[in-house]
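*Asks:* Okay, here's the structure, questions in a sec.
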Amino acid sequence: MTNRDIIRVMKRELMDILVCPVCKGELHLTVEEENEGEIVSGSLHCGKCKVDYPIVDTIPDLLPPDQRH
Ligand SMILES: [Zn+2]
């Protein structure tokens with residue numbers, strides 16, 4: 001199962017199962033806006049890859065940077 005199958009809406013408890021799509025390492029959550037346990041906007045950061053994955057309108061964009069359009 002991939003990140004994309006799991007995630008429709010970003011929630012704090014998803015941090016337990018989310019991993020970096022590139023290195024499968026741990027992600028660090030930064031919350032800018034939260035609503036009833038859902039992360040509305042913020043970012044997921046991989047310290048190993050030094051990449052930020054944005055969360056926009058509760059949807060985390062976990063595409064590897066080289067696959068973004
Ligand atoms: Zn990584």
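Every chain in the structure tokens has a letter given in the order shown (A, B, ...), and although residue numbers restart at 1 in each chain, ligands are simply numbered from 1 in the order shown.
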Just want the residues within 6 Å of ligand 1, written as a list in words, counting only C-alpha atoms and all ligand atoms.

*Replies:*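 The distance check yields Cys20, Val22, Cys23, Gly25, Cys46, Lys48 and Cys49 of chain A.
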
*Asks:* Write out as an MDAnalysis selection string each polymer residue whose atoms come within 12 Å of A:Arg68, counting only C-alpha atoms; drop sequence neighbours fewer than 5 positions from it.

*Replies:* chainID A and resid 53:54 61:63

*Asks:* For A:Asn35, which residue among A:Lys50, A:Lys11, A:Gln67, A:Asp16 is the nearest when counting only C-alpha atoms?

*Replies:*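 Smallest separation from A:Asn35 among the options: A:Lys11.
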
*Asks:* Please list as number ranges by chain every residue within 9 Å of A:Met10, counting only C-alpha atoms and excluding residues in the same chain fewer than 6 positions away.

*Replies:* A: 37-40, 55, 58-60

*Asks:* I'd like to know which of A:Leu29, A:Pro64, A:His45, A:Val56 is closest to A:Glu13, using only C-alpha atoms.

*Replies:* A:Leu29

*Asks:* Identify, with DSSP run on backbone atoms, the residues in chain A assigned to helix (DSSP H, G or I), and express the list as a VMD selection string.

*Replies:* chain A and resid 3 to 6 12 to 16 65 to 67

*Asks:* What does the distance from atom CA of A:Lys24 to atom CA of A:Ser41 come to in Å, to one decimal?

*Replies:*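 It comes out at 22.3 Å.
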
*Asks:* Looking at A:Glu26, A:Pro65, A:Val9, A:Glu32, which one is nearest to A:Val51, with distances taken over only C-alpha atoms?

*Replies:*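 Ranking A:Glu26, A:Pro65, A:Val9, A:Glu32 by distance to A:Val51, first place goes to A:Pro65.
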
*Asks:* Rounded to one decimal, what separation in Å do you get between atom CA of A:Ser43 and atom CA of A:Pro21?

*Replies:* 14.2 Å
